[in-house]
file upload37.cif (mmCIF, C-alpha atoms and all ligand atoms)
data_upload
loop_
_atom_site.group_PDB
_atom_site.id
_atom_site.type_symbol
_atom_site.label_atom_id
_atom_site.label_comp_id
_atom_site.auth_asym_id
_atom_site.auth_seq_id
_atom_site.Cartn_x
_atom_site.Cartn_y
_atom_site.Cartn_z
ATOM 1 C CA MET A 767 -41.811 57.618 122.339
ATOM 2 C CA LYS A 768 -40.071 60.681 120.974
ATOM 3 C CA TYR A 769 -41.833 62.579 118.192
ATOM 4 C CA SER A 770 -39.849 62.806 114.966
ATOM 5 C CA GLY A 771 -42.524 63.329 112.319
ATOM 6 C CA ALA A 772 -43.052 66.200 109.933
ATOM 7 C CA ILE A 773 -45.340 67.278 107.131
ATOM 8 C CA GLY A 774 -43.619 67.419 103.746
ATOM 9 C CA VAL A 775 -44.966 69.845 101.167
ATOM 10 C CA PHE A 776 -43.783 70.389 97.598
ATOM 11 C CA ASP A 777 -44.611 72.415 94.509
ATOM 12 C CA SER A 778 -43.002 73.117 91.145
ATOM 13 C CA GLY A 779 -41.785 76.340 92.727
ATOM 14 C CA VAL A 780 -42.767 79.023 95.189
ATOM 15 C CA GLY A 781 -46.541 78.810 94.548
ATOM 16 C CA GLY A 782 -47.120 76.099 97.147
ATOM 17 C CA LEU A 783 -46.165 78.609 99.835
ATOM 18 C CA SER A 784 -49.742 79.888 99.418
ATOM 19 C CA VAL A 785 -50.899 76.475 100.677
ATOM 20 C CA LEU A 786 -48.157 76.223 103.304
ATOM 21 C CA GLN A 787 -49.410 79.466 104.882
ATOM 22 C CA HIS A 788 -52.820 77.854 105.486
ATOM 23 C CA ILE A 789 -51.168 74.701 106.858
ATOM 24 C CA ARG A 790 -49.006 76.723 109.251
ATOM 25 C CA ARG A 791 -52.048 78.675 110.469
ATOM 26 C CA LEU A 792 -54.159 75.563 111.029
ATOM 27 C CA LEU A 793 -51.404 73.344 112.454
ATOM 28 C CA PRO A 794 -49.135 75.678 114.434
ATOM 29 C CA ASP A 795 -47.389 72.848 116.334
ATOM 30 C CA GLU A 796 -46.250 70.844 113.315
ATOM 31 C CA ARG A 797 -42.765 70.596 111.885
ATOM 32 C CA LEU A 798 -43.039 71.535 108.198
ATOM 33 C CA ILE A 799 -40.620 70.883 105.324
ATOM 34 C CA TYR A 800 -41.205 72.683 102.039
ATOM 35 C CA ILE A 801 -39.563 72.126 98.638
ATOM 36 C CA ALA A 802 -39.767 74.649 95.811
ATOM 37 C CA ASP A 803 -38.703 72.710 92.713
ATOM 38 C CA SER A 804 -37.874 75.976 90.964
ATOM 39 C CA ALA A 805 -35.094 74.510 88.792
ATOM 40 C CA HIS A 806 -37.842 72.588 87.001
ATOM 41 C CA VAL A 807 -40.586 75.225 86.980
ATOM 42 C CA PRO A 808 -43.009 75.502 85.244
ATOM 43 C CA TYR A 809 -44.523 72.021 85.442
ATOM 44 C CA GLY A 810 -47.498 73.281 83.429
ATOM 45 C CA ASP A 811 -45.889 72.710 80.039
ATOM 46 C CA LYS A 812 -43.963 69.505 80.931
ATOM 47 C CA SER A 813 -45.074 65.952 80.171
ATOM 48 C CA PRO A 814 -46.926 63.960 82.876
ATOM 49 C CA GLU A 815 -43.986 61.491 82.886
ATOM 50 C CA TYR A 816 -41.478 64.256 83.646
ATOM 51 C CA ILE A 817 -43.641 65.650 86.453
ATOM 52 C CA LEU A 818 -44.199 62.188 87.929
ATOM 53 C CA GLN A 819 -40.456 61.595 88.002
ATOM 54 C CA ARG A 820 -39.873 64.895 89.845
ATOM 55 C CA ALA A 821 -42.740 64.160 92.254
ATOM 56 C CA GLN A 822 -41.235 60.752 93.091
ATOM 57 C CA ILE A 823 -37.799 62.255 93.735
ATOM 58 C CA LEU A 824 -39.167 65.058 95.941
ATOM 59 C CA THR A 825 -41.434 62.724 97.906
ATOM 60 C CA ARG A 826 -38.518 60.357 98.537
ATOM 61 C CA PHE A 827 -36.462 63.269 99.869
ATOM 62 C CA LEU A 828 -39.277 64.442 102.162
ATOM 63 C CA VAL A 829 -39.844 60.936 103.536
ATOM 64 C CA GLU A 830 -36.091 60.570 104.161
ATOM 65 C CA GLN A 831 -36.235 63.858 106.084
ATOM 66 C CA GLY A 832 -38.867 62.364 108.382
ATOM 67 C CA ALA A 833 -42.107 63.402 106.699
ATOM 68 C CA ASP A 834 -44.931 61.084 107.674
ATOM 69 C CA ALA A 835 -47.543 62.969 105.636
ATOM 70 C CA ILE A 836 -47.120 64.630 102.229
ATOM 71 C CA VAL A 837 -48.998 67.509 100.625
ATOM 72 C CA ILE A 838 -48.687 68.018 96.880
ATOM 73 C CA ALA A 839 -49.204 71.791 96.930
ATOM 74 C CA CYS A 840 -49.550 71.855 93.160
ATOM 75 C CA ASN A 841 -52.587 71.154 90.996
ATOM 76 C CA THR A 842 -50.448 70.168 88.003
ATOM 77 C CA ALA A 843 -48.319 67.659 89.948
ATOM 78 C CA THR A 844 -51.408 66.206 91.636
ATOM 79 C CA ALA A 845 -52.985 65.551 88.249
ATOM 80 C CA ALA A 846 -49.821 63.867 86.960
ATOM 81 C CA ALA A 847 -48.592 62.003 90.018
ATOM 82 C CA VAL A 848 -50.932 61.550 92.987
ATOM 83 C CA ALA A 849 -52.211 58.101 91.984
ATOM 84 C CA CYS A 850 -48.693 56.675 91.484
ATOM 85 C CA LEU A 851 -47.305 58.293 94.636
ATOM 86 C CA ARG A 852 -50.119 56.770 96.689
ATOM 87 C CA ASN A 853 -49.235 53.335 95.319
ATOM 88 C CA GLN A 854 -45.566 53.804 95.935
ATOM 89 C CA PHE A 855 -45.402 55.465 99.372
ATOM 90 C CA SER A 856 -47.200 54.326 102.488
ATOM 91 C CA VAL A 857 -47.587 57.780 104.096
ATOM 92 C CA PRO A 858 -50.853 59.745 103.681
ATOM 93 C CA ILE A 859 -50.639 61.918 100.557
ATOM 94 C CA VAL A 860 -52.937 64.927 100.166
ATOM 95 C CA GLY A 861 -53.309 66.324 96.662
ATOM 96 C CA MET A 862 -55.263 69.237 95.277
ATOM 97 C CA GLU A 863 -57.409 70.158 92.301
ATOM 98 C CA PRO A 864 -59.270 73.286 91.170
ATOM 99 C CA ALA A 865 -62.046 73.994 93.697
ATOM 100 C CA VAL A 866 -65.005 73.491 91.387
ATOM 101 C CA LYS A 867 -67.469 72.449 94.111
ATOM 102 C CA PRO A 868 -67.438 75.730 96.126
ATOM 103 C CA ALA A 869 -67.427 77.697 92.866
ATOM 104 C CA VAL A 870 -70.559 75.874 91.693
ATOM 105 C CA ALA A 871 -72.188 76.809 94.999
ATOM 106 C CA ALA A 872 -71.127 80.465 94.660
ATOM 107 C CA THR A 873 -72.055 81.305 91.058
ATOM 108 C CA LYS A 874 -75.254 83.233 90.351
ATOM 109 C CA THR A 875 -74.852 83.467 86.579
ATOM 110 C CA GLY A 876 -74.278 79.721 86.308
ATOM 111 C CA VAL A 877 -70.914 80.300 84.630
ATOM 112 C CA VAL A 878 -67.667 79.438 86.423
ATOM 113 C CA GLY A 879 -64.211 80.296 85.052
ATOM 114 C CA VAL A 880 -61.108 78.237 85.778
ATOM 115 C CA LEU A 881 -57.602 79.708 85.563
ATOM 116 C CA ALA A 882 -54.996 76.930 85.586
ATOM 117 C CA THR A 883 -51.950 75.520 83.834
ATOM 118 C CA ILE A 884 -52.309 73.708 80.517
ATOM 119 C CA GLY A 885 -51.130 70.517 82.261
ATOM 120 C CA THR A 886 -53.989 70.674 84.773
ATOM 121 C CA LEU A 887 -56.644 71.538 82.181
ATOM 122 C CA GLU A 888 -55.574 68.698 79.878
ATOM 123 C CA SER A 889 -55.445 66.068 82.644
ATOM 124 C CA ALA A 890 -57.802 63.138 83.124
ATOM 125 C CA ARG A 891 -58.468 64.295 86.711
ATOM 126 C CA PHE A 892 -59.726 67.641 85.474
ATOM 127 C CA ALA A 893 -61.857 65.933 82.801
ATOM 128 C CA ALA A 894 -63.476 63.930 85.606
ATOM 129 C CA LEU A 895 -64.219 67.156 87.517
ATOM 130 C CA LEU A 896 -65.859 68.642 84.419
ATOM 131 C CA GLU A 897 -67.955 65.563 83.990
ATOM 132 C CA ARG A 898 -69.058 65.680 87.604
ATOM 133 C CA TYR A 899 -70.072 69.347 87.732
ATOM 134 C CA GLY A 900 -70.423 70.316 84.062
ATOM 135 C CA GLU A 901 -74.152 69.595 84.001
ATOM 136 C CA GLU A 902 -74.947 71.893 86.927
ATOM 137 C CA VAL A 903 -73.102 74.957 85.589
ATOM 138 C CA GLU A 904 -71.160 76.044 82.546
ATOM 139 C CA ILE A 905 -67.432 75.702 83.239
ATOM 140 C CA VAL A 906 -65.143 77.772 81.022
ATOM 141 C CA THR A 907 -61.386 77.261 81.231
ATOM 142 C CA GLN A 908 -58.331 79.349 80.525
ATOM 143 C CA GLY A 909 -54.721 78.143 80.471
ATOM 144 C CA CYS A 910 -52.368 80.861 81.686
ATOM 145 C CA PRO A 911 -48.852 80.350 80.242
ATOM 146 C CA GLY A 912 -46.381 82.828 81.694
ATOM 147 C CA LEU A 913 -48.235 83.649 84.942
ATOM 148 C CA VAL A 914 -46.283 81.150 87.045
ATOM 149 C CA GLU A 915 -43.009 82.668 85.816
ATOM 150 C CA GLN A 916 -44.199 86.133 86.889
ATOM 151 C CA VAL A 917 -44.717 84.868 90.447
ATOM 152 C CA GLU A 918 -41.395 82.994 90.419
ATOM 153 C CA SER A 919 -39.604 86.233 89.569
ATOM 154 C CA GLY A 920 -41.513 88.222 92.188
ATOM 155 C CA GLU A 921 -43.426 90.338 89.655
ATOM 156 C CA LEU A 922 -46.656 90.409 91.607
ATOM 157 C CA SER A 923 -47.840 93.793 90.338
ATOM 158 C CA SER A 924 -45.854 94.661 87.214
ATOM 159 C CA ASP A 925 -47.439 95.943 83.998
ATOM 160 C CA ARG A 926 -46.626 92.697 82.222
ATOM 161 C CA THR A 927 -48.331 90.639 84.937
ATOM 162 C CA ARG A 928 -51.386 92.906 84.777
ATOM 163 C CA LYS A 929 -51.522 92.548 80.982
ATOM 164 C CA LEU A 930 -51.386 88.742 81.231
ATOM 165 C CA ILE A 931 -54.171 88.734 83.832
ATOM 166 C CA GLU A 932 -56.322 91.030 81.666
ATOM 167 C CA ASN A 933 -55.775 88.748 78.666
ATOM 168 C CA TYR A 934 -56.616 85.597 80.619
ATOM 169 C CA THR A 935 -59.620 86.836 82.595
ATOM 170 C CA SER A 936 -61.431 88.854 79.928
ATOM 171 C CA PRO A 937 -62.551 85.850 77.787
ATOM 172 C CA LEU A 938 -63.998 84.243 80.932
ATOM 173 C CA LEU A 939 -65.848 87.387 82.002
ATOM 174 C CA GLU A 940 -67.164 87.849 78.436
ATOM 175 C CA ARG A 941 -68.650 84.353 78.640
ATOM 176 C CA GLY A 942 -70.547 85.472 81.761
ATOM 177 C CA ALA A 943 -68.380 83.994 84.528
ATOM 178 C CA ASP A 944 -69.058 85.628 87.914
ATOM 179 C CA THR A 945 -66.819 83.179 89.804
ATOM 180 C CA LEU A 946 -63.152 82.495 89.057
ATOM 181 C CA ILE A 947 -61.252 79.503 90.407
ATOM 182 C CA LEU A 948 -57.520 79.949 91.011
ATOM 183 C CA GLY A 949 -56.538 76.479 89.795
ATOM 184 C CA CYS A 950 -52.804 76.873 90.364
ATOM 185 C CA THR A 951 -51.115 77.512 93.701
ATOM 186 C CA HIS A 952 -49.011 80.360 92.294
ATOM 187 C CA TYR A 953 -52.083 82.458 91.488
ATOM 188 C CA PRO A 954 -53.224 83.337 95.057
ATOM 189 C CA PHE A 955 -50.118 85.543 95.235
ATOM 190 C CA LEU A 956 -51.643 87.494 92.349
ATOM 191 C CA SER A 957 -55.061 87.794 94.044
ATOM 192 C CA PRO A 958 -54.788 91.547 94.774
ATOM 193 C CA LEU A 959 -53.957 92.235 91.120
ATOM 194 C CA ILE A 960 -56.619 89.829 89.835
ATOM 195 C CA ARG A 961 -59.135 91.561 92.121
ATOM 196 C CA GLU A 962 -58.138 94.948 90.693
ATOM 197 C CA VAL A 963 -58.533 93.685 87.131
ATOM 198 C CA VAL A 964 -61.862 91.836 87.508
ATOM 199 C CA GLY A 965 -63.528 94.184 90.012
ATOM 200 C CA ASN A 966 -65.450 93.490 93.195
ATOM 201 C CA ASN A 967 -68.421 91.634 91.766
ATOM 202 C CA VAL A 968 -66.503 88.512 90.861
ATOM 203 C CA VAL A 969 -65.997 85.754 93.443
ATOM 204 C CA ILE A 970 -62.404 84.459 93.536
ATOM 205 C CA VAL A 971 -62.029 80.887 94.816
ATOM 206 C CA ASP A 972 -58.770 79.467 96.194
ATOM 207 C CA THR A 973 -58.170 75.886 97.394
ATOM 208 C CA GLY A 974 -55.382 76.374 99.958
ATOM 209 C CA GLU A 975 -57.475 76.450 103.108
ATOM 210 C CA ALA A 976 -59.528 73.404 102.108
ATOM 211 C CA VAL A 977 -56.291 71.466 101.515
ATOM 212 C CA ALA A 978 -55.007 72.375 104.996
ATOM 213 C CA ARG A 979 -58.291 71.175 106.532
ATOM 214 C CA GLN A 980 -58.156 67.945 104.549
ATOM 215 C CA LEU A 981 -54.582 67.388 105.784
ATOM 216 C CA GLN A 982 -55.699 67.960 109.377
ATOM 217 C CA ARG A 983 -58.513 65.388 108.985
ATOM 218 C CA ARG A 984 -56.174 62.799 107.441
ATOM 219 C CA ILE A 985 -53.543 63.204 110.170
ATOM 220 C CA LYS A 986 -56.164 62.829 112.889
ATOM 221 C CA SER A 987 -57.688 59.705 111.444
ATOM 222 C CA GLU A 988 -54.596 57.993 110.000
ATOM 223 C CA LEU A 989 -51.821 59.001 112.400
ATOM 224 C CA PRO A 990 -53.482 59.119 115.844
ATOM 225 C CA VAL A 991 -50.397 57.984 117.790
ATOM 226 C CA ARG A 992 -48.326 60.705 116.188
ATOM 227 C CA GLU A 993 -50.867 63.287 117.381
ATOM 228 C CA ALA A 994 -50.238 62.304 120.985
ATOM 229 C CA GLN A 995 -46.439 62.302 120.503
ATOM 230 C CA LEU A 996 -46.629 65.752 118.942
ATOM 231 C CA ALA A 997 -48.506 67.127 121.929
ATOM 232 C CA ILE A 998 -45.750 65.828 124.257
ATOM 233 C CA ALA A 999 -42.972 67.125 121.986
ATOM 234 C CA GLN A 1000 -44.548 70.548 121.933
ATOM 235 C CA HIS A 1001 -44.786 70.585 125.682
ATOM 236 C CA GLU A 1002 -41.091 69.711 125.958
ATOM 237 C CA CYS A 1003 -39.702 71.901 123.202
ATOM 238 C CA LYS A 1004 -41.472 74.730 121.404
ATOM 239 C CA GLU A 1005 -38.726 74.776 118.766
ATOM 240 C CA ASN A 1006 -40.165 71.607 117.268
ATOM 241 C CA ALA A 1007 -42.660 73.533 115.169
ATOM 242 C CA HIS A 1008 -40.203 75.092 112.775
ATOM 243 C CA THR A 1009 -40.470 75.261 108.999
ATOM 244 C CA LYS A 1010 -37.548 74.217 106.823
ATOM 245 C CA PHE A 1011 -37.303 75.363 103.213
ATOM 246 C CA PHE A 1012 -35.503 73.729 100.284
ATOM 247 C CA THR A 1013 -35.084 74.668 96.630
ATOM 248 C CA SER A 1014 -33.668 72.927 93.571
ATOM 249 C CA ALA A 1015 -32.656 76.324 92.144
ATOM 250 C CA GLU A 1016 -30.206 78.967 93.331
ATOM 251 C CA PRO A 1017 -30.752 79.348 97.134
ATOM 252 C CA ALA A 1018 -29.771 83.037 97.412
ATOM 253 C CA LYS A 1019 -32.243 84.031 94.715
ATOM 254 C CA ALA A 1020 -34.892 81.699 96.137
ATOM 255 C CA LYS A 1021 -34.384 83.186 99.596
ATOM 256 C CA SER A 1022 -35.258 86.698 98.490
ATOM 257 C CA ILE A 1023 -38.492 85.861 96.671
ATOM 258 C CA MET A 1024 -39.587 83.153 99.133
ATOM 259 C CA SER A 1025 -39.038 85.506 102.088
ATOM 260 C CA VAL A 1026 -41.317 88.090 100.465
ATOM 261 C CA LEU A 1027 -44.038 85.537 99.758
ATOM 262 C CA TRP A 1028 -43.745 83.844 103.170
ATOM 263 C CA GLY A 1029 -43.851 87.205 104.950
ATOM 264 C CA GLU A 1030 -40.600 86.946 106.927
ATOM 265 C CA SER A 1031 -36.915 86.397 106.248
ATOM 266 C CA ILE A 1032 -36.200 82.667 105.911
ATOM 267 C CA GLN A 1033 -33.238 80.390 105.234
ATOM 268 C CA VAL A 1034 -33.507 78.387 102.016
ATOM 269 C CA ASN A 1035 -31.353 75.275 101.548
ATOM 270 C CA LEU A 1036 -30.232 73.686 98.313
ATOM 271 C CA LEU A 1037 -31.560 70.151 97.795
ATOM 272 C CA PRO A 1038 -28.768 67.562 97.931
ATOM 273 C CA ASN A 1039 -27.324 66.726 94.474
ATOM 274 C CA GLU A 1040 -29.083 63.407 93.955
ATOM 275 C CA PHE A 1041 -32.495 65.124 94.244
ATOM 276 C CA LEU A 1042 -31.795 68.004 91.818
HETATM 277 N N1 LIG O 1 -48.200 75.693 91.227
HETATM 278 C C1 LIG O 1 -48.570 74.758 90.271
HETATM 279 C C2 LIG O 1 -50.009 74.360 90.229
HETATM 280 O O1 LIG O 1 -50.692 74.468 91.215
HETATM 281 C C3 LIG O 1 -47.768 74.476 89.052
HETATM 282 C C4 LIG O 1 -47.383 75.627 88.205
HETATM 283 C C5 LIG O 1 -46.394 75.255 87.154
HETATM 284 O O2 LIG O 1 -45.279 74.933 87.521
HETATM 285 O O3 LIG O 1 -46.727 75.306 85.960
HETATM 286 O O4 LIG O 1 -50.488 73.904 89.229
#

call {"tool": "encode", "arguments": {"input": "upload37.cif", "output": "structure tokens", "more": "lines below"}}
Ligand code: DGL
result
Amino acid sequence: MKYSGAIGVFDSGVGGLSVLQHIRRLLPDERLIYIADSAHVPYGDKSPEYILQRAQILTRFLVEQGADAIVIACNTATAAAVACLRNQFSVPIVGMEPAVKPAVAATKTGVVGVLATIGTLESARFAALLERYGEEVEIVTQGCPGLVEQVESGELSSDRTRKLIENYTSPLLERGADTLILGCTHYPFLSPLIREVVGNNVVIVDTGEAVARQLQRRIKSELPVREAQLAIAQHECKENAHTKFFTSAEPAKAKSIMSVLWGESIQVNLLPNEFL
């Protein structure tokens, strides 16, 4: 049978590209479809109902495009929508949450800082994480309004971005945190600047690679037939493994920032009207 599957990945904007890079590295033969929902960014200050509605629309589009596995490359959207999406769609859905477990293993001071959106920090999923690990270490949190917008506009090293990072990391460091979790997929693009601000003695934890590995495990166990078809498709046509990019915002603008973040010049398509 001919292979026609793909992995669909979405985020509130361009941040999920930090996860997509890990997926591409780990699964070089897969066809990938990415949506940056940048017309609706940031999700961090929207209601869970609004985010769920967007997540349903984007997942429907990805499934219609042939996605047989979905990655929610967004901590905020996972918190608001993963449970409903799993009830509604029959494809495997991989979500993500701040990587507290590896941070707990890494800390020496026993204090872990979490940088995330307000939406993630106020969610029931995050409360459950705190309950699970909060007895082993002290977990201090910091919402970071404005940081996502800096990444969306390509300001990865501007003075304003640096100022925001200083403001958001210093309370955590003052509390004794020696490990910082990047609890939003936009923040890995600010890693070099965060590293400059916090110095070399702080461990910075990102979740992207773990999500890619989790996706690989789920595909292997839940879509075994597809695995075999993919191997044949790859043998027949190397072009199968391309990545297609969509945005809900202005494609020309999206193209320039997404090309920088992705590391090569890419085409970015506008989502069809009914999904905007
Ligand atoms: N990239 C997102 C996350 O991982 C959402 C950021 C936002 O839109 O506020 O949480």

call {"tool": "residues_around", "arguments": {"input": "upload37.cif", "residues": "region 794-799 of chain A", "least_positions_apart": "2", "cutoff": "6 Å", "atoms": "only C-alpha atoms", "output": "list in words"}}
result
Ala772, Ile773, Gly774, Arg790, Arg791, Ala1007, His1008, Thr1009, Lys1010 and Phe1011 of chain A

call {"tool": "atom_distance", "arguments": {"input": "upload37.cif", "atom1": "CA of Ile1023 (chain A)", "atom2": "CA of Gln982 (chain A)"}}
result
27.9 Å

call {"tool": "residues_around", "arguments": {"input": "upload37.cif", "residues": "region 1018-1021 of chain A", "least_positions_apart": "6", "cutoff": "12 Å", "atoms": "only C-alpha atoms", "output": "MDAnalysis selection string"}}
result
chainID A and resid 779:780 801:805 917:920 1010:1012 1027:1036

call {"tool": "resolve_selection", "arguments": {"input": "upload37.cif", "expression": "the PyMOL selection byres (((not hetatm)) within 7 of (chain O and resi 1))", "output": "JSON, numbers by chain"}}
result
{"A": [777, 778, 779, 781, 782, 807, 808, 809, 810, 811, 839, 840, 841, 842, 843, 882, 883, 886, 914, 949, 950, 951, 952]}

call {"tool": "residues_near_point", "arguments": {"input": "upload37.cif", "point": "(-56.1, 92.3, 92.8)", "cutoff": "12 Å", "atoms": "all atoms listed in the file", "output": "VMD selection string"}}
result
chain A and resid 922 to 924 927 to 928 931 to 932 953 to 966 968 to 970

call {"tool": "atom_distance", "arguments": {"input": "upload37.cif", "atom1": "CA of Val903 (chain A)", "atom2": "CA of Val977 (chain A)"}}
result
23.4 Å

call {"tool": "closest_atom_pairs", "arguments": {"input": "upload37.cif", "of": "region 849-934 of chain A", "to": "region 812-815 of chain A", "cutoff": "10 Å", "atoms": "only C-alpha atoms", "output": "tab-separated table"}}
result
residue	atom	partner	partner_atom	distance
A:Ile884	CA	A:Lys812	CA	9.4
A:Gly885	CA	A:Lys812	CA	7.4
A:Thr886	CA	A:Pro814	CA	9.9
A:Ser889	CA	A:Pro814	CA	8.8

call {"tool": "resolve_selection", "arguments": {"input": "upload37.cif", "expression": "the PyMOL selection byres (((chain A and resi 845-859) around 6) and not hetatm)", "output": "PyMOL selection string"}}
result
chain A and resi 814+818+834-837+842-844+860+891

call {"tool": "residues_around", "arguments": {"input": "upload37.cif", "residues": "Arg979 (chain A)", "least_positions_apart": "3", "cutoff": "9 Å", "atoms": "all atoms listed in the file", "output": "list in words"}}
result
His788, Ile789, Leu792, Gly974, Glu975, Ala976, Gln982, Arg983 and Arg984 of chain A

call {"tool": "resolve_selection", "arguments": {"input": "upload37.cif", "expression": "the PyMOL selection byres (((chain A and resi 825) around 9) and not hetatm)", "output": "list of chain:residue names"}}
result
A:Gly774, A:Val775, A:Phe776, A:Arg820, A:Ala821, A:Gln822, A:Ile823, A:Leu824, A:Arg826, A:Phe827, A:Leu828, A:Val829, A:Glu830, A:Ala833, A:Ile836, A:Leu851, A:Phe855

call {"tool": "axis_aligned_box", "arguments": {"input": "upload37.cif", "around": "region 784-791 of chain A", "padding_each_side": "5 Å", "output": "JSON"}}
result
{"center_x": -50.5, "center_y": 77.3, "center_z": 104.9, "size_x": 14.7, "size_y": 15.2, "size_z": 21.1}

call {"tool": "closest_residue", "arguments": {"input": "upload37.cif", "among": "A:Leu981, A:Gly876, A:Gln916, A:Thr1013", "to": "Glu901 (chain A)", "atoms": "all atoms listed in the file"}}
result
A:Gly876

call {"tool": "build_atoms", "arguments": {"input": "upload37.cif", "residues": "region 955-961 of chain A", "atoms": "all heavy atoms", "output": "PDB file, in the frame of the given file"}}
result
ATOM      1  N   PHE A 955     -51.010  84.407  95.005  1.00  0.00           N
ATOM      2  CA  PHE A 955     -50.118  85.543  95.235  1.00  0.00           C
ATOM      3  C   PHE A 955     -50.431  86.706  94.289  1.00  0.00           C
ATOM      4  O   PHE A 955     -49.949  87.814  94.493  1.00  0.00           O
ATOM      5  CB  PHE A 955     -48.649  85.114  95.096  1.00  0.00           C
ATOM      6  CG  PHE A 955     -48.194  84.231  96.232  1.00  0.00           C
ATOM      7  CD1 PHE A 955     -47.817  82.914  96.009  1.00  0.00           C
ATOM      8  CD2 PHE A 955     -48.177  84.719  97.538  1.00  0.00           C
ATOM      9  CE1 PHE A 955     -47.425  82.099  97.067  1.00  0.00           C
ATOM     10  CE2 PHE A 955     -47.782  83.913  98.598  1.00  0.00           C
ATOM     11  CZ  PHE A 955     -47.406  82.601  98.356  1.00  0.00           C
ATOM     12  N   LEU A 956     -51.231  86.432  93.270  1.00  0.00           N
ATOM     13  CA  LEU A 956     -51.643  87.494  92.349  1.00  0.00           C
ATOM     14  C   LEU A 956     -53.063  87.975  92.646  1.00  0.00           C
ATOM     15  O   LEU A 956     -53.606  88.809  91.915  1.00  0.00           O
ATOM     16  CB  LEU A 956     -51.559  86.991  90.899  1.00  0.00           C
ATOM     17  CG  LEU A 956     -50.172  86.523  90.439  1.00  0.00           C
ATOM     18  CD1 LEU A 956     -50.250  85.885  89.068  1.00  0.00           C
ATOM     19  CD2 LEU A 956     -49.193  87.705  90.433  1.00  0.00           C
ATOM     20  N   SER A 957     -53.667  87.439  93.719  1.00  0.00           N
ATOM     21  CA  SER A 957     -55.061  87.794  94.044  1.00  0.00           C
ATOM     22  C   SER A 957     -55.338  89.290  94.072  1.00  0.00           C
ATOM     23  O   SER A 957     -56.338  89.736  93.512  1.00  0.00           O
ATOM     24  CB  SER A 957     -55.471  87.209  95.394  1.00  0.00           C
ATOM     25  OG  SER A 957     -55.860  85.904  95.218  1.00  0.00           O
ATOM     26  N   PRO A 958     -54.483  90.105  94.742  1.00  0.00           N
ATOM     27  CA  PRO A 958     -54.788  91.547  94.774  1.00  0.00           C
ATOM     28  C   PRO A 958     -54.873  92.141  93.368  1.00  0.00           C
ATOM     29  O   PRO A 958     -55.760  92.949  93.090  1.00  0.00           O
ATOM     30  CB  PRO A 958     -53.608  92.143  95.561  1.00  0.00           C
ATOM     31  CG  PRO A 958     -53.067  91.008  96.364  1.00  0.00           C
ATOM     32  CD  PRO A 958     -53.294  89.774  95.538  1.00  0.00           C
ATOM     33  N   LEU A 959     -53.956  91.702  92.487  1.00  0.00           N
ATOM     34  CA  LEU A 959     -53.957  92.235  91.120  1.00  0.00           C
ATOM     35  C   LEU A 959     -55.158  91.692  90.327  1.00  0.00           C
ATOM     36  O   LEU A 959     -55.814  92.428  89.578  1.00  0.00           O
ATOM     37  CB  LEU A 959     -52.636  91.860  90.437  1.00  0.00           C
ATOM     38  CG  LEU A 959     -52.311  92.573  89.132  1.00  0.00           C
ATOM     39  CD1 LEU A 959     -52.340  94.082  89.296  1.00  0.00           C
ATOM     40  CD2 LEU A 959     -50.938  92.140  88.620  1.00  0.00           C
ATOM     41  N   ILE A 960     -55.452  90.418  90.523  1.00  0.00           N
ATOM     42  CA  ILE A 960     -56.619  89.829  89.835  1.00  0.00           C
ATOM     43  C   ILE A 960     -57.884  90.562  90.279  1.00  0.00           C
ATOM     44  O   ILE A 960     -58.733  90.925  89.466  1.00  0.00           O
ATOM     45  CB  ILE A 960     -56.727  88.304  90.129  1.00  0.00           C
ATOM     46  CG1 ILE A 960     -55.518  87.562  89.550  1.00  0.00           C
ATOM     47  CG2 ILE A 960     -58.030  87.737  89.561  1.00  0.00           C
ATOM     48  CD1 ILE A 960     -55.426  86.086  89.911  1.00  0.00           C
ATOM     49  N   ARG A 961     -57.970  90.838  91.590  1.00  0.00           N
ATOM     50  CA  ARG A 961     -59.135  91.561  92.121  1.00  0.00           C
ATOM     51  C   ARG A 961     -59.257  92.939  91.465  1.00  0.00           C
ATOM     52  O   ARG A 961     -60.347  93.354  91.050  1.00  0.00           O
ATOM     53  CB  ARG A 961     -59.000  91.670  93.649  1.00  0.00           C
ATOM     54  CG  ARG A 961     -59.988  92.532  94.355  1.00  0.00           C
ATOM     55  CD  ARG A 961     -61.430  92.083  94.173  1.00  0.00           C
ATOM     56  NE  ARG A 961     -61.764  90.839  94.851  1.00  0.00           N
ATOM     57  CZ  ARG A 961     -62.749  90.010  94.443  1.00  0.00           C
ATOM     58  NH1 ARG A 961     -63.475  90.266  93.378  1.00  0.00           N
ATOM     59  NH2 ARG A 961     -63.008  88.908  95.109  1.00  0.00           N
TER      60      ARG A 961
END
